[in-house]
>>> print(open('my_file_39.cif').read())   # mmCIF, C-alpha atoms
data_model
loop_
_atom_site.label_atom_id
_atom_site.label_comp_id
_atom_site.auth_asym_id
_atom_site.auth_seq_id
_atom_site.Cartn_x
_atom_site.Cartn_y
_atom_site.Cartn_z
CA MET A 104 144.78 137.32 185.06
CA LYS A 105 146.57 135.24 182.45
CA LYS A 106 143.31 134.52 180.58
CA LEU A 107 142.50 138.26 180.52
CA TRP A 108 145.95 139.02 179.09
CA ASN A 109 145.49 136.36 176.41
CA GLU A 110 142.13 137.82 175.40
CA ARG A 111 143.59 141.32 175.24
CA SER A 112 146.65 140.25 173.28
CA ARG A 113 144.51 138.17 170.92
CA SER A 114 142.26 141.18 170.36
CA TRP A 115 145.27 143.29 169.35
CA LEU A 116 146.72 140.46 167.25
CA THR A 117 143.38 140.16 165.43
CA LEU A 118 143.49 143.87 164.67
CA ALA A 119 147.05 143.55 163.35
CA ALA A 120 146.07 140.55 161.21
CA ARG A 121 143.07 142.43 159.79
CA LEU A 122 145.30 145.38 158.92
CA VAL A 123 148.01 143.21 157.33
CA LEU A 124 145.68 141.12 155.18
CA GLY A 125 143.45 144.10 154.40
CA GLY A 126 146.46 146.27 153.60
CA VAL A 127 147.89 143.76 151.13
CA LEU A 128 144.51 143.29 149.47
CA ILE A 129 143.78 147.00 149.18
CA ALA A 130 147.23 147.73 147.75
CA ALA A 131 146.96 144.92 145.21
CA GLY A 132 143.39 145.87 144.29
CA TYR A 133 144.12 149.57 143.98
CA LEU A 134 147.15 149.06 141.74
CA LYS A 135 145.12 146.79 139.45
CA ALA A 136 141.98 148.98 139.50
CA LYS A 137 143.83 152.05 138.30
CA ASN A 138 144.87 150.18 135.14
CA PRO A 139 142.25 147.56 134.24
CA THR A 140 143.93 146.69 130.94
CA VAL A 141 147.05 145.57 132.77
CA SER A 142 144.88 143.74 135.31
CA THR A 143 143.17 141.71 132.61
CA ALA A 144 146.56 140.97 131.01
CA SER A 145 147.77 139.70 134.39
CA VAL A 146 144.96 137.15 134.48
CA ARG A 147 145.37 136.10 130.85
CA VAL A 148 149.09 135.24 131.17
CA TYR A 149 148.23 132.34 133.47
CA LYS A 150 146.44 130.62 130.56
CA LEU A 151 143.85 129.05 132.87
CA LEU A 152 140.67 130.63 131.53
CA PRO A 153 139.30 131.43 128.08
CA VAL A 154 140.21 135.01 127.12
CA GLY A 155 136.69 136.38 127.63
CA LEU A 156 136.37 134.87 131.09
CA ALA A 157 139.92 135.93 131.99
CA ASN A 158 139.04 139.51 131.03
CA ILE A 159 135.89 139.48 133.18
CA PHE A 160 137.87 138.09 136.11
CA GLY A 161 140.63 140.64 135.49
CA TYR A 162 138.15 143.52 135.65
CA ALA A 163 136.35 142.14 138.72
CA LEU A 164 139.35 140.98 140.77
CA PRO A 165 140.61 144.43 141.86
CA TRP A 166 137.17 145.39 143.16
CA ILE A 167 136.77 142.08 144.95
CA GLU A 168 140.16 142.63 146.63
CA ILE A 169 139.30 146.21 147.58
CA GLY A 170 135.91 145.16 148.96
CA LEU A 171 137.39 142.36 151.05
CA ALA A 172 140.13 144.70 152.26
CA LEU A 173 137.73 147.39 153.41
CA LEU A 174 135.58 144.88 155.29
CA LEU A 175 138.66 143.46 157.03
CA ILE A 176 140.13 146.85 157.91
CA VAL A 177 136.93 148.15 159.48
CA GLY A 178 136.15 144.78 161.06
CA ILE A 179 132.81 143.91 159.48
CA TRP A 180 131.95 140.25 158.80
CA VAL A 181 135.55 139.30 159.60
CA ARG A 182 134.94 135.55 159.74
CA GLN A 183 133.21 135.45 156.35
CA THR A 184 135.62 137.93 154.77
CA SER A 185 138.67 136.05 156.05
CA LEU A 186 137.25 132.84 154.61
CA LEU A 187 136.82 134.47 151.19
CA SER A 188 140.24 136.12 151.42
CA GLY A 189 141.86 132.81 152.35
CA ALA A 190 140.12 131.10 149.43
CA LEU A 191 141.41 133.84 147.14
CA MET A 192 144.95 133.26 148.44
CA VAL A 193 144.62 129.51 147.81
CA LEU A 194 143.45 130.32 144.28
CA PHE A 195 146.53 132.53 143.81
CA ILE A 196 148.81 129.77 145.16
CA PHE A 197 147.29 127.31 142.70
CA ALA A 198 147.59 129.75 139.78
CA VAL A 199 151.23 130.61 140.49
CA GLY A 200 152.08 126.96 141.14
CA GLN A 201 150.61 125.78 137.86
CA ALA A 202 152.40 128.59 136.00
CA TRP A 203 155.66 127.48 137.59
CA ALA A 204 154.99 123.82 136.71
CA ARG A 205 154.19 124.79 133.12
CA LYS A 206 157.32 126.99 132.98
CA LEU A 207 155.37 130.09 131.99
CA ALA A 208 157.61 133.17 132.04
CA ILE A 209 155.45 135.31 134.32
CA ASN A 210 155.48 137.01 137.66
CA CYS A 211 152.25 137.00 139.61
CA GLY A 212 150.83 140.33 138.42
CA CYS A 213 149.58 140.78 141.98
CA PHE A 214 150.47 144.43 142.27
CA GLY A 215 149.47 145.71 138.85
CA ASN A 216 152.56 144.76 136.87
CA GLY A 217 150.91 142.85 134.04
CA GLY A 218 152.21 139.44 135.04
CA VAL A 219 154.95 139.13 132.42
CA THR A 220 158.64 138.95 133.36
CA VAL A 221 160.69 141.81 131.96
CA ASP A 222 163.21 139.52 130.26
CA GLY A 223 160.73 136.83 129.18
CA LYS A 224 162.52 134.13 131.20
CA VAL A 225 161.34 131.79 133.92
CA HIS A 226 162.69 132.78 137.35
CA PRO A 227 161.88 130.04 139.91
CA GLY A 228 162.61 132.41 142.80
CA ILE A 229 159.74 134.65 141.74
CA TYR A 230 157.26 131.78 141.94
CA LEU A 231 158.54 130.56 145.29
CA THR A 232 158.45 134.05 146.80
CA GLU A 233 154.87 134.60 145.64
CA ILE A 234 153.73 131.20 146.91
CA VAL A 235 155.38 131.67 150.32
CA ARG A 236 153.82 135.13 150.67
CA ASP A 237 150.37 133.80 149.77
CA ILE A 238 150.75 130.86 152.17
CA GLY A 239 151.55 133.36 154.90
CA LEU A 240 148.49 135.43 154.01
CA THR A 241 146.38 132.25 154.00
CA VAL A 242 147.61 131.53 157.54
CA VAL A 243 146.64 135.08 158.56
CA ALA A 244 143.18 134.54 157.02
CA GLY A 245 142.90 131.27 158.95
CA TYR A 246 143.78 133.05 162.18
CA LEU A 247 141.11 135.66 161.47
CA TYR A 248 138.56 132.95 160.77
CA ARG A 249 139.36 131.37 164.15
CA PHE A 250 139.61 134.67 166.05
CA PRO A 251 137.53 137.25 164.14
CA HIS A 252 136.80 139.63 167.01
CA GLY A 253 139.45 142.22 167.73
CA LYS A 254 140.06 145.81 168.68
CA PHE A 255 138.20 148.50 166.79
CA GLY A 256 136.10 146.05 164.80
CA LEU A 257 132.62 147.19 163.85
CA ASP A 258 131.07 143.76 164.28
CA LYS A 259 128.82 143.78 167.35
CA ALA A 260 130.76 140.89 168.90
CA SER A 261 134.05 142.73 168.33
CA ASN A 262 132.84 145.65 170.39
CA GLU A 263 131.66 143.37 173.19
CA ASN A 264 135.17 141.86 173.45
CA GLU A 265 136.72 145.28 174.00
CA GLU A 266 134.94 145.90 177.28
#
>>> encode(input="my_file_39.cif", output="structure tokens")
Amino acid sequence: MKKLWNERSRSWLTLAARLVLGGVLIAAGYLKAKNPTVSTASVRVYKLLPVGLANIFGYALPWIEIGLALLLIVGIWVRQTSLLSGALMVLFIFAVGQAWARKLAINCGCFGNGGVTVDGKVHPGIYLTEIVRDIGLTVVAGYLYRFPHGKFGLDKASNENEE
């Protein structure tokens, strides 16, 4: 009985994790996709890539986020999608961390805000908040990698677990 309860609760927890990670990714992607100029500016302020490459990444990133989000929300290829989403979160952690270390006056630009602080000053709390959030999302992605099959997933194995 206890094992059955654990499988059921894990199935619901997997659904919740898919919705949380997918929801964050779709919101971030949508807000960037509706203004690609701001999205490319968000990537450029990190000063990690040459301008041309930063622009390409800035145009592609929202669609990558939206694609990953949709796959997670509907429960297709959850293990692979969570791995890619987790890698994206680690990339974001690295980018924000290096900006903080270099004392760049930016916010993350994650939700379509252009990545520049309003007052042009470094605010350590902004960096820490973004890093903690992305660590949390990386943990969620790790959970989904370990337990990819949940309620209402369209993967064949997800549907078998619901019976």
>>> residues_around(input="my_file_39.cif", residues="Ala244 of chain A", least_positions_apart="5", cutoff="9 Å", atoms="only C-alpha atoms", output="PyMOL selection string")
chain A and resi 120-121+124+182+184-190+192+239+249
>>> residues_around(input="my_file_39.cif", residues="segment 164-176 of chain A", least_positions_apart="2", cutoff="6 Å", atoms="all atoms listed in the file", output="list in words")
Arg121, Leu122, Gly125, Leu128, Ile129, Gly132, Lys135, Ala136, Phe160, Gly161, Tyr162, Gly178, Ile179 and Val181 of chain A
>>> resolve_selection(input="my_file_39.cif", expression="the PyMOL selection byres ((chain A and resi 227-233) around 10)", output="list in words")
Phe195, Ile196, Val199, Gly200, Gln201, Ala202, Trp203, Ala204, Lys206, Ala208, Ile209, Asn210, Cys211, Cys213, Thr220, Lys224, Val225, His226, Ile234, Val235, Arg236, Asp237, Ile238 and Gly239 of chain A
>>> atom_distance(input="my_file_39.cif", atom1="atom CA of Thr117 of chain A", atom2="atom CA of Gly253 of chain A")
5.0 Å
>>> atom_distance(input="my_file_39.cif", atom1="atom CA of Leu257 of chain A", atom2="atom CA of Leu194 of chain A")
28.0 Å
>>> closest_residue(input="my_file_39.cif", among="A:Gly212, A:Ala119, A:Tyr133, A:Ser112", to="Ser145 of chain A", atoms="all atoms listed in the file")
A:Gly212
>>> decode(input="my_file_39.cif", residues="segment 111-248 of chain A", atoms="C-alpha atoms", output="tab-separated table (two decimals), in the first residue's frame")
chain	number	residue	atom	x	y	z
A	111	ARG	CA	0.84	7.97	-7.05
A	112	SER	CA	2.28	10.91	-5.17
A	113	ARG	CA	5.42	10.85	-7.32
A	114	SER	CA	3.23	10.86	-10.43
A	115	TRP	CA	1.44	14.00	-9.22
A	116	LEU	CA	4.71	15.60	-8.09
A	117	THR	CA	6.16	14.97	-11.55
A	118	LEU	CA	3.16	16.69	-13.10
A	119	ALA	CA	3.61	19.66	-10.75
A	120	ALA	CA	7.33	19.84	-11.55
A	121	ARG	CA	6.62	19.75	-15.30
A	122	LEU	CA	4.11	22.57	-14.93
A	123	VAL	CA	6.41	24.70	-12.76
A	124	LEU	CA	9.49	24.38	-14.97
A	125	GLY	CA	7.43	24.55	-18.16
A	126	GLY	CA	5.49	27.54	-16.85
A	127	VAL	CA	8.63	29.52	-16.04
A	128	LEU	CA	10.17	28.68	-19.41
A	129	ILE	CA	7.07	29.57	-21.39
A	130	ALA	CA	6.64	32.87	-19.55
A	131	ALA	CA	10.28	33.82	-20.03
A	132	GLY	CA	10.25	32.73	-23.68
A	133	TYR	CA	6.99	34.48	-24.50
A	134	LEU	CA	8.07	37.79	-22.96
A	135	LYS	CA	11.33	37.69	-24.93
A	136	ALA	CA	9.72	36.48	-28.19
A	137	LYS	CA	7.29	39.37	-28.32
A	138	ASN	CA	10.21	41.82	-28.37
A	139	PRO	CA	13.24	40.22	-30.02
A	140	THR	CA	15.26	43.44	-29.97
A	141	VAL	CA	15.09	43.52	-26.18
A	142	SER	CA	15.88	39.80	-26.08
A	143	THR	CA	19.07	40.27	-28.07
A	144	ALA	CA	20.03	43.23	-25.86
A	145	SER	CA	19.55	40.98	-22.81
A	146	VAL	CA	22.12	38.54	-24.17
A	147	ARG	CA	24.59	41.23	-25.23
A	148	VAL	CA	24.78	42.88	-21.78
A	149	TYR	CA	26.47	39.78	-20.38
A	150	LYS	CA	29.48	40.45	-22.64
A	151	LEU	CA	30.18	36.74	-23.08
A	152	LEU	CA	29.72	36.39	-26.83
A	153	PRO	CA	30.67	38.44	-29.87
A	154	VAL	CA	27.79	40.76	-30.82
A	155	GLY	CA	26.75	38.74	-33.88
A	156	LEU	CA	26.64	35.48	-31.96
A	157	ALA	CA	24.88	37.16	-29.02
A	158	ASN	CA	22.21	38.43	-31.41
A	159	ILE	CA	21.67	34.97	-32.91
A	160	PHE	CA	21.41	33.47	-29.42
A	161	GLY	CA	19.08	36.30	-28.37
A	162	TYR	CA	16.73	35.59	-31.27
A	163	ALA	CA	16.84	31.80	-30.78
A	164	LEU	CA	16.62	31.63	-26.97
A	165	PRO	CA	12.92	32.55	-26.60
A	166	TRP	CA	11.90	29.86	-29.09
A	167	ILE	CA	14.13	27.29	-27.41
A	168	GLU	CA	12.51	28.13	-24.06
A	169	ILE	CA	9.00	27.96	-25.51
A	170	GLY	CA	9.73	24.64	-27.23
A	171	LEU	CA	11.15	23.09	-24.07
A	172	ALA	CA	8.21	24.44	-22.07
A	173	LEU	CA	5.60	22.97	-24.38
A	174	LEU	CA	7.27	19.56	-24.35
A	175	LEU	CA	7.42	19.60	-20.55
A	176	ILE	CA	3.85	20.77	-20.09
A	177	VAL	CA	2.37	18.10	-22.35
A	178	GLY	CA	4.78	15.46	-21.08
A	179	ILE	CA	6.64	14.48	-24.23
A	180	TRP	CA	10.31	13.42	-24.00
A	181	VAL	CA	10.39	14.62	-20.39
A	182	ARG	CA	13.74	13.05	-19.54
A	183	GLN	CA	15.51	14.61	-22.54
A	184	THR	CA	13.70	17.93	-22.19
A	185	SER	CA	14.46	18.17	-18.48
A	186	LEU	CA	18.12	17.50	-19.23
A	187	LEU	CA	18.20	20.33	-21.78
A	188	SER	CA	16.22	22.62	-19.46
A	189	GLY	CA	18.59	21.87	-16.58
A	190	ALA	CA	21.59	22.59	-18.81
A	191	LEU	CA	19.99	25.88	-19.80
A	192	MET	CA	19.52	26.76	-16.12
A	193	VAL	CA	23.18	25.95	-15.41
A	194	LEU	CA	24.13	28.20	-18.33
A	195	PHE	CA	22.00	30.98	-16.83
A	196	ILE	CA	23.61	30.47	-13.40
A	197	PHE	CA	27.06	30.74	-14.97
A	198	ALA	CA	26.11	33.85	-16.97
A	199	VAL	CA	24.61	35.67	-13.98
A	200	GLY	CA	27.48	34.59	-11.73
A	201	GLN	CA	30.14	35.89	-14.10
A	202	ALA	CA	28.23	39.17	-14.52
A	203	TRP	CA	28.14	39.52	-10.73
A	204	ALA	CA	31.86	38.72	-10.45
A	205	ARG	CA	32.66	41.28	-13.16
A	206	LYS	CA	30.39	43.84	-11.45
A	207	LEU	CA	28.28	44.37	-14.56
A	208	ALA	CA	25.24	46.54	-13.78
A	209	ILE	CA	22.60	44.19	-15.15
A	210	ASN	CA	19.62	42.17	-14.10
A	211	CYS	CA	19.16	38.81	-15.76
A	212	GLY	CA	16.87	39.88	-18.62
A	213	CYS	CA	15.07	36.57	-18.07
A	214	PHE	CA	11.58	37.94	-18.45
A	215	GLY	CA	12.04	40.34	-21.34
A	216	ASN	CA	13.39	43.36	-19.47
A	217	GLY	CA	16.52	43.99	-21.52
A	218	GLY	CA	18.98	42.98	-18.83
A	219	VAL	CA	20.07	46.47	-17.77
A	220	THR	CA	19.39	47.83	-14.29
A	221	VAL	CA	17.21	50.93	-14.28
A	222	ASP	CA	19.69	53.01	-12.28
A	223	GLY	CA	22.85	51.60	-13.88
A	224	LYS	CA	24.17	50.31	-10.55
A	225	VAL	CA	25.22	46.86	-9.38
A	226	HIS	CA	22.68	45.33	-6.98
A	227	PRO	CA	24.11	42.11	-5.47
A	228	GLY	CA	20.66	41.02	-4.30
A	229	ILE	CA	19.46	40.83	-7.89
A	230	TYR	CA	22.22	38.40	-8.82
A	231	LEU	CA	21.71	36.23	-5.75
A	232	THR	CA	17.94	36.05	-6.28
A	233	GLU	CA	18.38	35.03	-9.92
A	234	ILE	CA	20.99	32.41	-9.07
A	235	VAL	CA	18.90	30.90	-6.25
A	236	ARG	CA	15.84	30.76	-8.53
A	237	ASP	CA	17.82	29.05	-11.29
A	238	ILE	CA	19.36	26.58	-8.83
A	239	GLY	CA	15.85	25.70	-7.71
A	240	LEU	CA	14.75	25.21	-11.32
A	241	THR	CA	17.84	23.07	-11.94
A	242	VAL	CA	16.80	20.87	-9.00
A	243	VAL	CA	13.30	20.58	-10.51
A	244	ALA	CA	14.86	19.60	-13.85
A	245	GLY	CA	16.97	16.99	-12.04
A	246	TYR	CA	13.88	15.58	-10.37
A	247	LEU	CA	12.17	15.34	-13.76
A	248	TYR	CA	15.19	13.60	-15.23
